[in-house]
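Here's run.cif, which has mmCIF, N, CA, C and O atoms:
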data_data
loop_
_atom_site.label_atom_id
_atom_site.label_comp_id
_atom_site.auth_asym_id
_atom_site.auth_seq_id
_atom_site.Cartn_x
_atom_site.Cartn_y
_atom_site.Cartn_z
N MET A 1 4.87 5.31 -16.14
CA MET A 1 4.33 4.42 -17.13
C MET A 1 2.82 4.67 -17.25
O MET A 1 2.12 4.82 -16.26
N ILE A 2 2.38 4.69 -18.48
CA ILE A 2 0.96 4.84 -18.79
C ILE A 2 0.48 3.51 -19.36
O ILE A 2 1.11 2.97 -20.28
N THR A 3 -0.59 2.97 -18.83
CA THR A 3 -1.13 1.70 -19.31
C THR A 3 -2.58 1.90 -19.71
O THR A 3 -3.39 2.38 -18.93
N ASN A 4 -2.90 1.54 -20.95
CA ASN A 4 -4.26 1.62 -21.46
C ASN A 4 -4.81 0.21 -21.65
O ASN A 4 -4.07 -0.71 -21.98
N ILE A 5 -6.09 0.05 -21.46
CA ILE A 5 -6.75 -1.24 -21.66
C ILE A 5 -7.48 -1.19 -23.00
O ILE A 5 -8.43 -0.43 -23.18
N SER A 6 -7.02 -2.00 -23.94
CA SER A 6 -7.62 -2.04 -25.26
C SER A 6 -8.32 -3.38 -25.44
O SER A 6 -8.75 -4.00 -24.46
N SER A 7 -8.44 -3.82 -26.66
CA SER A 7 -9.13 -5.07 -26.95
C SER A 7 -8.62 -5.64 -28.27
O SER A 7 -8.25 -4.88 -29.17
N LEU A 8 -8.63 -6.94 -28.39
CA LEU A 8 -8.28 -7.56 -29.66
C LEU A 8 -9.26 -7.15 -30.75
O LEU A 8 -8.94 -7.19 -31.94
N ALA A 9 -10.44 -6.72 -30.37
CA ALA A 9 -11.44 -6.27 -31.33
C ALA A 9 -10.97 -5.04 -32.11
O ALA A 9 -11.51 -4.74 -33.16
N SER A 10 -9.97 -4.36 -31.60
CA SER A 10 -9.47 -3.17 -32.30
C SER A 10 -8.61 -3.52 -33.50
O SER A 10 -8.37 -2.67 -34.36
N ILE A 11 -8.14 -4.77 -33.56
CA ILE A 11 -7.26 -5.16 -34.67
C ILE A 11 -7.80 -6.33 -35.49
O ILE A 11 -7.22 -6.66 -36.52
N CYS A 12 -8.88 -6.96 -35.05
CA CYS A 12 -9.44 -8.07 -35.83
C CYS A 12 -10.96 -8.16 -35.58
O CYS A 12 -11.47 -7.70 -34.58
N TRP A 13 -11.63 -8.75 -36.51
CA TRP A 13 -13.09 -8.90 -36.45
C TRP A 13 -13.46 -9.93 -35.39
O TRP A 13 -12.91 -11.03 -35.35
N SER A 14 -14.37 -9.59 -34.52
CA SER A 14 -14.77 -10.50 -33.45
C SER A 14 -16.07 -11.23 -33.74
O SER A 14 -16.51 -12.06 -32.96
N GLY A 15 -16.71 -10.88 -34.85
CA GLY A 15 -17.95 -11.54 -35.21
C GLY A 15 -19.20 -10.77 -34.83
O GLY A 15 -20.30 -11.19 -35.13
N TYR A 16 -19.03 -9.63 -34.17
CA TYR A 16 -20.16 -8.79 -33.78
C TYR A 16 -20.03 -7.42 -34.44
O TYR A 16 -18.93 -6.93 -34.62
N SER A 17 -21.14 -6.82 -34.78
CA SER A 17 -21.09 -5.53 -35.47
C SER A 17 -21.19 -4.37 -34.48
O SER A 17 -22.22 -3.72 -34.34
N TYR A 18 -20.11 -4.13 -33.78
CA TYR A 18 -20.02 -3.04 -32.81
C TYR A 18 -19.04 -1.99 -33.33
O TYR A 18 -17.94 -1.83 -32.82
N PHE A 19 -19.44 -1.27 -34.37
CA PHE A 19 -18.56 -0.34 -35.06
C PHE A 19 -17.93 0.67 -34.11
O PHE A 19 -16.72 0.90 -34.14
N ALA A 20 -18.73 1.30 -33.28
CA ALA A 20 -18.23 2.35 -32.39
C ALA A 20 -17.20 1.79 -31.39
O ALA A 20 -16.20 2.46 -31.10
N TYR A 21 -17.44 0.61 -30.89
CA TYR A 21 -16.50 -0.02 -29.96
C TYR A 21 -15.17 -0.28 -30.64
O TYR A 21 -14.11 0.05 -30.10
N TYR A 22 -15.21 -0.88 -31.85
CA TYR A 22 -13.98 -1.16 -32.59
C TYR A 22 -13.22 0.12 -32.88
O TYR A 22 -12.00 0.18 -32.72
N ALA A 23 -13.94 1.14 -33.33
CA ALA A 23 -13.30 2.41 -33.68
C ALA A 23 -12.67 3.08 -32.46
O ALA A 23 -11.57 3.62 -32.54
N SER A 24 -13.35 3.04 -31.33
CA SER A 24 -12.82 3.69 -30.14
C SER A 24 -11.58 2.96 -29.61
O SER A 24 -10.63 3.60 -29.16
N LYS A 25 -11.57 1.65 -29.69
CA LYS A 25 -10.39 0.90 -29.24
C LYS A 25 -9.22 1.10 -30.19
O LYS A 25 -8.07 1.19 -29.77
N ALA A 26 -9.49 1.19 -31.49
CA ALA A 26 -8.43 1.46 -32.46
C ALA A 26 -7.85 2.86 -32.22
O ALA A 26 -6.63 3.06 -32.31
N ALA A 27 -8.71 3.83 -31.90
CA ALA A 27 -8.24 5.18 -31.59
C ALA A 27 -7.38 5.17 -30.32
O ALA A 27 -6.36 5.86 -30.25
N LEU A 28 -7.77 4.39 -29.34
CA LEU A 28 -6.98 4.26 -28.12
C LEU A 28 -5.61 3.68 -28.42
O LEU A 28 -4.60 4.14 -27.88
N ASN A 29 -5.54 2.70 -29.31
CA ASN A 29 -4.25 2.12 -29.69
C ASN A 29 -3.36 3.19 -30.31
O ASN A 29 -2.17 3.28 -29.98
N GLN A 30 -3.91 3.99 -31.22
CA GLN A 30 -3.11 5.03 -31.85
C GLN A 30 -2.72 6.11 -30.86
O GLN A 30 -1.61 6.63 -30.93
N ALA A 31 -3.58 6.44 -29.94
CA ALA A 31 -3.24 7.42 -28.90
C ALA A 31 -2.10 6.90 -28.03
O ALA A 31 -1.24 7.68 -27.60
N THR A 32 -2.09 5.61 -27.77
CA THR A 32 -1.02 5.00 -26.99
C THR A 32 0.30 5.12 -27.72
O THR A 32 1.33 5.48 -27.13
N VAL A 33 0.29 4.84 -29.01
CA VAL A 33 1.52 4.97 -29.83
C VAL A 33 2.00 6.42 -29.83
O VAL A 33 3.19 6.69 -29.63
N ALA A 34 1.09 7.34 -30.07
CA ALA A 34 1.46 8.76 -30.11
C ALA A 34 2.03 9.23 -28.78
O ALA A 34 3.01 9.97 -28.73
N THR A 35 1.41 8.80 -27.69
CA THR A 35 1.89 9.17 -26.35
C THR A 35 3.27 8.59 -26.10
O THR A 35 4.16 9.27 -25.57
N ALA A 36 3.46 7.33 -26.47
CA ALA A 36 4.76 6.68 -26.28
C ALA A 36 5.86 7.43 -27.04
O ALA A 36 6.95 7.66 -26.51
N LEU A 37 5.58 7.82 -28.27
CA LEU A 37 6.57 8.53 -29.07
C LEU A 37 6.84 9.93 -28.54
O LEU A 37 7.98 10.40 -28.52
N GLU A 38 5.80 10.60 -28.09
CA GLU A 38 5.95 11.97 -27.60
C GLU A 38 6.76 12.06 -26.31
O GLU A 38 7.54 13.00 -26.12
N PHE A 39 6.58 11.10 -25.42
CA PHE A 39 7.20 11.19 -24.10
C PHE A 39 8.37 10.22 -23.89
O PHE A 39 8.90 10.15 -22.78
N ALA A 40 8.78 9.53 -24.93
CA ALA A 40 9.89 8.57 -24.80
C ALA A 40 11.17 9.25 -24.34
O ALA A 40 11.92 8.70 -23.53
N ASN A 41 11.43 10.45 -24.82
CA ASN A 41 12.67 11.15 -24.46
C ASN A 41 12.70 11.58 -22.99
O ASN A 41 13.75 11.93 -22.47
N LYS A 42 11.55 11.53 -22.32
CA LYS A 42 11.48 11.87 -20.89
C LYS A 42 11.44 10.62 -20.02
O LYS A 42 11.26 10.72 -18.81
N GLY A 43 11.57 9.45 -20.65
CA GLY A 43 11.58 8.20 -19.90
C GLY A 43 10.20 7.70 -19.51
O GLY A 43 10.07 6.79 -18.70
N ILE A 44 9.17 8.29 -20.08
CA ILE A 44 7.80 7.86 -19.79
C ILE A 44 7.38 6.86 -20.86
O ILE A 44 7.46 7.14 -22.05
N ARG A 45 6.94 5.72 -20.43
CA ARG A 45 6.51 4.67 -21.36
C ARG A 45 5.00 4.59 -21.39
O ARG A 45 4.33 4.83 -20.40
N ALA A 46 4.47 4.21 -22.55
CA ALA A 46 3.03 4.01 -22.71
C ALA A 46 2.81 2.64 -23.34
O ALA A 46 3.47 2.30 -24.33
N ASN A 47 1.90 1.87 -22.79
CA ASN A 47 1.61 0.53 -23.27
C ASN A 47 0.11 0.31 -23.30
O ASN A 47 -0.63 0.95 -22.57
N ALA A 48 -0.29 -0.63 -24.14
CA ALA A 48 -1.70 -1.02 -24.19
C ALA A 48 -1.79 -2.52 -23.94
O ALA A 48 -1.00 -3.30 -24.48
N ILE A 49 -2.74 -2.91 -23.12
CA ILE A 49 -3.03 -4.32 -22.87
C ILE A 49 -4.19 -4.70 -23.76
O ILE A 49 -5.24 -4.08 -23.73
N PHE A 50 -4.00 -5.74 -24.57
CA PHE A 50 -5.03 -6.20 -25.48
C PHE A 50 -5.77 -7.38 -24.84
O PHE A 50 -5.32 -8.53 -24.92
N ALA A 51 -6.88 -7.08 -24.19
CA ALA A 51 -7.66 -8.12 -23.53
C ALA A 51 -8.58 -8.84 -24.53
O ALA A 51 -8.91 -8.29 -25.56
N GLY A 52 -8.96 -10.02 -24.21
CA GLY A 52 -9.88 -10.77 -25.06
C GLY A 52 -9.18 -11.90 -25.79
O GLY A 52 -8.00 -12.12 -25.66
N GLY A 53 -9.98 -12.58 -26.56
CA GLY A 53 -9.36 -13.61 -27.35
C GLY A 53 -9.95 -14.95 -27.23
O GLY A 53 -10.70 -15.51 -26.70
#
Go ahead and express the file in the form of structure tokens.
Amino acid sequence: MITNISSLASICWSGYSYFAYYASKAALNQATVATALEFANKGIRANAIFAGG
């Protein structure tokens, strides 16, 4: 199992203008999805924890 730590800021506005942070967390979310799809047939799971809120 692969676990990534993301943030709610990757999917919604948090009230602060941290463009690079939001973009990097959104990229991490997509990388998690791509990894999960690529390795699902081998029984490897990938998940992201969305901290914050």
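The space separating atom CA of Gly43 of chain A from atom CA of Lys25 of chain A comes to 25.0 Å.
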- List every residue of chain A that DSSP, applied to the backbone of this structure, places in strand (DSSP E), and write the result as a ChimeraX atom specification. /A:2-7,46-51
- Query: Which value, in Å to one decimal, gives the distance between atom C of Ile5 of chain A and atom C of Ala34 of chain A?
  - Reply: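 Separating atom C of Ile5 of chain A from atom C of Ala34 of chain A is a distance of 15.2 Å.
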- Message: For a cutoff of 7 Å around the file-coordinate point (-15.1, -4.9, -33.3), which residues qualify once you count only N, CA, C and O atoms? I'd like the result as a list of chain:residue names.
- Response: A:Leu8, A:Ala9, A:Ser10, A:Ile11, A:Cys12, A:Trp13, A:Ser14, A:Gly15, A:Tyr16, A:Ser17, A:Tyr18, A:Phe19, A:Tyr21, A:Tyr22, A:Ala23
Write the residues of the preceding selection, restricted to N, CA, C and O atoms, as a PDB file, in the coordinates of the input.
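Contents of result_16.pdb, freshly written:
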ATOM      1  N   LEU A   8      -8.630  -6.940 -28.390  1.00  0.00           N
ATOM      2  CA  LEU A   8      -8.280  -7.560 -29.660  1.00  0.00           C
ATOM      3  C   LEU A   8      -9.260  -7.150 -30.750  1.00  0.00           C
ATOM      4  O   LEU A   8      -8.940  -7.190 -31.940  1.00  0.00           O
ATOM      5  N   ALA A   9     -10.440  -6.720 -30.370  1.00  0.00           N
ATOM      6  CA  ALA A   9     -11.440  -6.270 -31.330  1.00  0.00           C
ATOM      7  C   ALA A   9     -10.970  -5.040 -32.110  1.00  0.00           C
ATOM      8  O   ALA A   9     -11.510  -4.740 -33.160  1.00  0.00           O
ATOM      9  N   SER A  10      -9.970  -4.360 -31.600  1.00  0.00           N
ATOM     10  CA  SER A  10      -9.470  -3.170 -32.300  1.00  0.00           C
ATOM     11  C   SER A  10      -8.610  -3.520 -33.500  1.00  0.00           C
ATOM     12  O   SER A  10      -8.370  -2.670 -34.360  1.00  0.00           O
ATOM     13  N   ILE A  11      -8.140  -4.770 -33.560  1.00  0.00           N
ATOM     14  CA  ILE A  11      -7.260  -5.160 -34.670  1.00  0.00           C
ATOM     15  C   ILE A  11      -7.800  -6.330 -35.490  1.00  0.00           C
ATOM     16  O   ILE A  11      -7.220  -6.660 -36.520  1.00  0.00           O
ATOM     17  N   CYS A  12      -8.880  -6.960 -35.050  1.00  0.00           N
ATOM     18  CA  CYS A  12      -9.440  -8.070 -35.830  1.00  0.00           C
ATOM     19  C   CYS A  12     -10.960  -8.160 -35.580  1.00  0.00           C
ATOM     20  O   CYS A  12     -11.470  -7.700 -34.580  1.00  0.00           O
ATOM     21  N   TRP A  13     -11.630  -8.750 -36.510  1.00  0.00           N
ATOM     22  CA  TRP A  13     -13.090  -8.900 -36.450  1.00  0.00           C
ATOM     23  C   TRP A  13     -13.460  -9.930 -35.390  1.00  0.00           C
ATOM     24  O   TRP A  13     -12.910 -11.030 -35.350  1.00  0.00           O
ATOM     25  N   SER A  14     -14.370  -9.590 -34.520  1.00  0.00           N
ATOM     26  CA  SER A  14     -14.770 -10.500 -33.450  1.00  0.00           C
ATOM     27  C   SER A  14     -16.070 -11.230 -33.740  1.00  0.00           C
ATOM     28  O   SER A  14     -16.510 -12.060 -32.960  1.00  0.00           O
ATOM     29  N   GLY A  15     -16.710 -10.880 -34.850  1.00  0.00           N
ATOM     30  CA  GLY A  15     -17.950 -11.540 -35.210  1.00  0.00           C
ATOM     31  C   GLY A  15     -19.200 -10.770 -34.830  1.00  0.00           C
ATOM     32  O   GLY A  15     -20.300 -11.190 -35.130  1.00  0.00           O
ATOM     33  N   TYR A  16     -19.030  -9.630 -34.170  1.00  0.00           N
ATOM     34  CA  TYR A  16     -20.160  -8.790 -33.780  1.00  0.00           C
ATOM     35  C   TYR A  16     -20.030  -7.420 -34.440  1.00  0.00           C
ATOM     36  O   TYR A  16     -18.930  -6.930 -34.620  1.00  0.00           O
ATOM     37  N   SER A  17     -21.140  -6.820 -34.780  1.00  0.00           N
ATOM     38  CA  SER A  17     -21.090  -5.530 -35.470  1.00  0.00           C
ATOM     39  C   SER A  17     -21.190  -4.370 -34.480  1.00  0.00           C
ATOM     40  O   SER A  17     -22.220  -3.720 -34.340  1.00  0.00           O
ATOM     41  N   TYR A  18     -20.110  -4.130 -33.780  1.00  0.00           N
ATOM     42  CA  TYR A  18     -20.020  -3.040 -32.810  1.00  0.00           C
ATOM     43  C   TYR A  18     -19.040  -1.990 -33.330  1.00  0.00           C
ATOM     44  O   TYR A  18     -17.940  -1.830 -32.820  1.00  0.00           O
ATOM     45  N   PHE A  19     -19.440  -1.270 -34.370  1.00  0.00           N
ATOM     46  CA  PHE A  19     -18.560  -0.340 -35.060  1.00  0.00           C
ATOM     47  C   PHE A  19     -17.930   0.670 -34.110  1.00  0.00           C
ATOM     48  O   PHE A  19     -16.720   0.900 -34.140  1.00  0.00           O
ATOM     49  N   TYR A  21     -17.440   0.610 -30.890  1.00  0.00           N
ATOM     50  CA  TYR A  21     -16.500  -0.020 -29.960  1.00  0.00           C
ATOM     51  C   TYR A  21     -15.170  -0.280 -30.640  1.00  0.00           C
ATOM     52  O   TYR A  21     -14.110   0.050 -30.100  1.00  0.00           O
ATOM     53  N   TYR A  22     -15.210  -0.880 -31.850  1.00  0.00           N
ATOM     54  CA  TYR A  22     -13.980  -1.160 -32.590  1.00  0.00           C
ATOM     55  C   TYR A  22     -13.220   0.120 -32.880  1.00  0.00           C
ATOM     56  O   TYR A  22     -12.000   0.180 -32.720  1.00  0.00           O
ATOM     57  N   ALA A  23     -13.940   1.140 -33.330  1.00  0.00           N
ATOM     58  CA  ALA A  23     -13.300   2.410 -33.680  1.00  0.00           C
ATOM     59  C   ALA A  23     -12.670   3.080 -32.460  1.00  0.00           C
ATOM     60  O   ALA A  23     -11.570   3.620 -32.540  1.00  0.00           O
TER      61      ALA A  23
END
- Task: Please report, as a list in words, each residue of chain A to which DSSP assigns helix (DSSP H, G or I) when run on this structure's backbone.
- Result: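 Everything in chain A that counts as helix (DSSP H, G or I) is Leu8, Ala9, Ser10, Phe19, Ala20, Tyr21, Tyr22, Ala23, Ser24, Lys25, Ala26, Ala27, Leu28, Asn29, Gln30, Ala31, Thr32, Val33, Ala34, Thr35, Ala36, Leu37, Glu38, Phe39, Ala40, Asn41 and Lys42 of chain A.
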- Task: Quick one: pull the distance between atom C of Glu38 of chain A and atom CA of Ala20 of chain A, Å, one decimal.
- Result: 27.5 Å
Give me the box for segment 25-33 of chain A as lines of an AutoDock Vina configuration file, namely the centre and edge lengths in Å to one decimal of a box along x, y and z that holds every listed atom plus 6 Å on each side.
center_x = -4.2
center_y = 4.3
center_z = -29.7
size_x = 26.8
size_y = 18.8
size_z = 17.5
- Resolved residues for the PyMOL selection byres (((chain A and resi 2 and name CA) around 7) and name CA) as a PyMOL selection string: chain A and resi 1+3-4+45-47
Residues from last step as file, N, CA, C and O atoms, as an mmCIF file, in the frame of the given file:
data_model
loop_
_atom_site.group_PDB
_atom_site.id
_atom_site.type_symbol
_atom_site.label_atom_id
_atom_site.label_comp_id
_atom_site.auth_asym_id
_atom_site.auth_seq_id
_atom_site.Cartn_x
_atom_site.Cartn_y
_atom_site.Cartn_z
ATOM 1 N N MET A 1 4.870 5.310 -16.140
ATOM 2 C CA MET A 1 4.330 4.420 -17.130
ATOM 3 C C MET A 1 2.820 4.670 -17.250
ATOM 4 O O MET A 1 2.120 4.820 -16.260
ATOM 5 N N THR A 3 -0.590 2.970 -18.830
ATOM 6 C CA THR A 3 -1.130 1.700 -19.310
ATOM 7 C C THR A 3 -2.580 1.900 -19.710
ATOM 8 O O THR A 3 -3.390 2.380 -18.930
ATOM 9 N N ASN A 4 -2.900 1.540 -20.950
ATOM 10 C CA ASN A 4 -4.260 1.620 -21.460
ATOM 11 C C ASN A 4 -4.810 0.210 -21.650
ATOM 12 O O ASN A 4 -4.070 -0.710 -21.980
ATOM 13 N N ARG A 45 6.940 5.720 -20.430
ATOM 14 C CA ARG A 45 6.510 4.670 -21.360
ATOM 15 C C ARG A 45 5.000 4.590 -21.390
ATOM 16 O O ARG A 45 4.330 4.830 -20.400
ATOM 17 N N ALA A 46 4.470 4.210 -22.550
ATOM 18 C CA ALA A 46 3.030 4.010 -22.710
ATOM 19 C C ALA A 46 2.810 2.640 -23.340
ATOM 20 O O ALA A 46 3.470 2.300 -24.330
ATOM 21 N N ASN A 47 1.900 1.870 -22.790
ATOM 22 C CA ASN A 47 1.610 0.530 -23.270
ATOM 23 C C ASN A 47 0.110 0.310 -23.300
ATOM 24 O O ASN A 47 -0.630 0.950 -22.570
#
